[in-house]
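See below for the structure under consideration.
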Amino acid sequence: MNLQIGSLTLNGRAVLAPMAGAGDRAFREICARLGAAYTVSEMVSAKALEFGDRKTRELMELGDAARPAAIQIFGSEPDVMARAAEKAMAFSPDAVDINMGCPAPKITGPGAGSALMRNPQLCGELVAAVAAAVPVPVTVKIRAGWDEKSVNAAEVAAACESAGAAAVAVHARTRSQMYAPPADWDIIRKVKQAVRIPVIGNGDVTGAQSAAQMLEQTGCDAVMVGRAALGNPWIFRQINSYLTESCRIVPPPGVYERMLVMVRHIDLMCRYKGERRAMNEARKHVAWYLKGLRGAAGFRRRAGQLESRAQLDALVRDVLAAQEPPEGPEAENSL
């Protein structure tokens, strides 16, 4: 199950996608503990890094519990990106990832993110500049293309490989499609056929079986999980078991385990960011963890008003009280 990305060895085939506003250090550590073979930071502005922005430096903090881990940078100027990558090395990343896939207008407007897909030559120049600046593997995350008339992921991936990229992750939607329509996995297959470096597939991996299907249908070397991991970091454990234990299906966690992991997650956020800020940011995570539970709608409304760790404890007690009495081993592992 090992995967080699340049000098970096991944022990597994399921990795955590970079997610701005959600994939912070605490969440990455939780996912790694539950089986993510590799994590990637929230995207960091190369220009902001040049100016020593405090928030930008915080985004690059990497804990040992989430390794191997990459720092992802974005920008459109090779020299600026190279200097940013050099600065990122102060945080000892295992790899540097270049964002060529973000569809947000504030990123694509200045020519970064998925706007780079319109210029394969520039993509190669960015990779070459960053690869020359750092001693760790350089990877890229791309999309299918800018729009349906310019699906060029294979071309961009080949340009990046020629410039020194050690791996490429492919989100199988165009920028104009954003996140809505079904991902076109055939694009991942075409990228895999076009390059010799590892290809990581991304898009519509929602569980163990879809992960296995992507690997089989596209020939990609690993799968990248993003939104499906929110409130559900166990997805990595489930994928790993399915792939390594003869398609063994690991059942979803019971409510007690779900709440225990959620509390650990929020506690990590409090440790790294302070309680006041962490609880504000935790509201969305708590809502994701509560999805599907009895009384979820009302509990999620309460989650949206969380301000303190004590309020979280009260919410968890009420959530547990509202569920069906557990049976079997789980009944012995209550909070």
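All residue names refer to the structure tokens as shown: chains lettered A, B, ... in order, residues numbered from 1 in each chain, ligands numbered from 1 in order.
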Running DSSP on the backbone, which parts of stretch 59-284 of chain A land in strand (DSSP E or B), as a PyMOL selection string? chain A and resi 69-74+95-100+138-143+145+151+167-171+199-202+222-225
I need the alpha helix (DSSP H) residues of stretch 117-332 of chain A per DSSP on the backbone, written as a count of residues only. 113
Excluding stretch 204-213 of chain A and any residue of its chain fewer than 4 positions from it, enumerate the residues within 8 Å of it, using only C-alpha atoms, and give them as a PyMOL selection string. chain A and resi 182-183+217+223-225+228+235+238-240+242-243+249
Report as number ranges by chain all protein, DNA and RNA residues lying within 6 Å of A:Ser41, evaluated on only C-alpha atoms, omitting residues in the same chain fewer than 2 positions from it. A: 18, 71-72
Taking 2 positions as the minimum chain separation for residues in the same chain, which residues sit within 10 Å of A:Asn202 when counting only C-alpha atoms? Answer as a list in words. Val15, Leu16, Ala17, Lys141, Ile142, Arg143, Ala169, Val170, His171, Ala172, Arg173, Ala183, Asp184, Trp185, Ile188, Val199, Ile200, Asp204, Val205, Ala211, Met214, Cys220, Ala222, Val223, Met224, Val225 and Gly226 of chain A
Smallest atom-to-atom distance to A:Ser7: which of A:Leu290, A:Ala167, A:Val44, A:Ile98, using only C-alpha atoms?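 Among the listed residues, the smallest separation from A:Ser7 belongs to A:Ala167.
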Report as JSON lines the residues of stretch 68-147 of chain A within 10 Å of stretch 57-60 of chain A, each with its shortest atom pair and distance in Å (one decimal), using only C-alpha atoms, ordered by chain and increasing residue number.
{"residue": "A:Ala70", "atom": "CA", "partner": "A:Met60", "partner_atom": "CA", "distance": 9.0}
{"residue": "A:Ile71", "atom": "CA", "partner": "A:Met60", "partner_atom": "CA", "distance": 6.3}
{"residue": "A:Gln72", "atom": "CA", "partner": "A:Met60", "partner_atom": "CA", "distance": 8.5}
{"residue": "A:Ile73", "atom": "CA", "partner": "A:Met60", "partner_atom": "CA", "distance": 9.7}
{"residue": "A:Lys87", "atom": "CA", "partner": "A:Arg57", "partner_atom": "CA", "distance": 9.6}
{"residue": "A:Ala88", "atom": "CA", "partner": "A:Met60", "partner_atom": "CA", "distance": 7.3}
{"residue": "A:Met89", "atom": "CA", "partner": "A:Met60", "partner_atom": "CA", "distance": 9.6}
{"residue": "A:Ala90", "atom": "CA", "partner": "A:Met60", "partner_atom": "CA", "distance": 9.3}
{"residue": "A:Phe91", "atom": "CA", "partner": "A:Met60", "partner_atom": "CA", "distance": 6.6}
{"residue": "A:Ser92", "atom": "CA", "partner": "A:Met60", "partner_atom": "CA", "distance": 9.4}
{"residue": "A:Pro93", "atom": "CA", "partner": "A:Met60", "partner_atom": "CA", "distance": 8.5}
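Nearest to A:Val140 of all the residues A:Thr218, A:Ser241, A:Ser114, A:Ser308 is A:Ser114, counting only C-alpha atoms.
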Find the residues around A:Arg83 up to 9 Å (only C-alpha atoms counted), leave out those fewer than 4 positions away in its own chain, and share them as a list in words. Ala46, Leu49, Glu50, Pro78, Asp79, Lys87, Ala88, Val130 and Ala133 of chain A
Next, dump the selected residues to file, keeping only C-alpha atoms, as a PDB file, in the first residue's frame.
ATOM      1  CA  ALA A  46       2.917  33.465  -1.880  1.00  0.00           C
ATOM      2  CA  LEU A  49       4.226  35.039   2.779  1.00  0.00           C
ATOM      3  CA  GLU A  50       6.755  37.442   1.283  1.00  0.00           C
ATOM      4  CA  PRO A  78       7.581  32.009 -10.633  1.00  0.00           C
ATOM      5  CA  ASP A  79      10.095  34.138  -8.721  1.00  0.00           C
ATOM      6  CA  LYS A  87      10.222  30.618   3.392  1.00  0.00           C
ATOM      7  CA  ALA A  88       7.820  27.713   3.824  1.00  0.00           C
ATOM      8  CA  VAL A 130       9.696  26.061  -6.896  1.00  0.00           C
ATOM      9  CA  ALA A 133      14.160  26.442  -4.584  1.00  0.00           C
TER      10      ALA A 133
END
Using only C-alpha atoms, can you tell me which of A:Ala84, A:Ile30, A:Ala115, A:Ala153 comes closest to A:Ala129?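 Selected residue with least distance to A:Ala129: A:Ala84.
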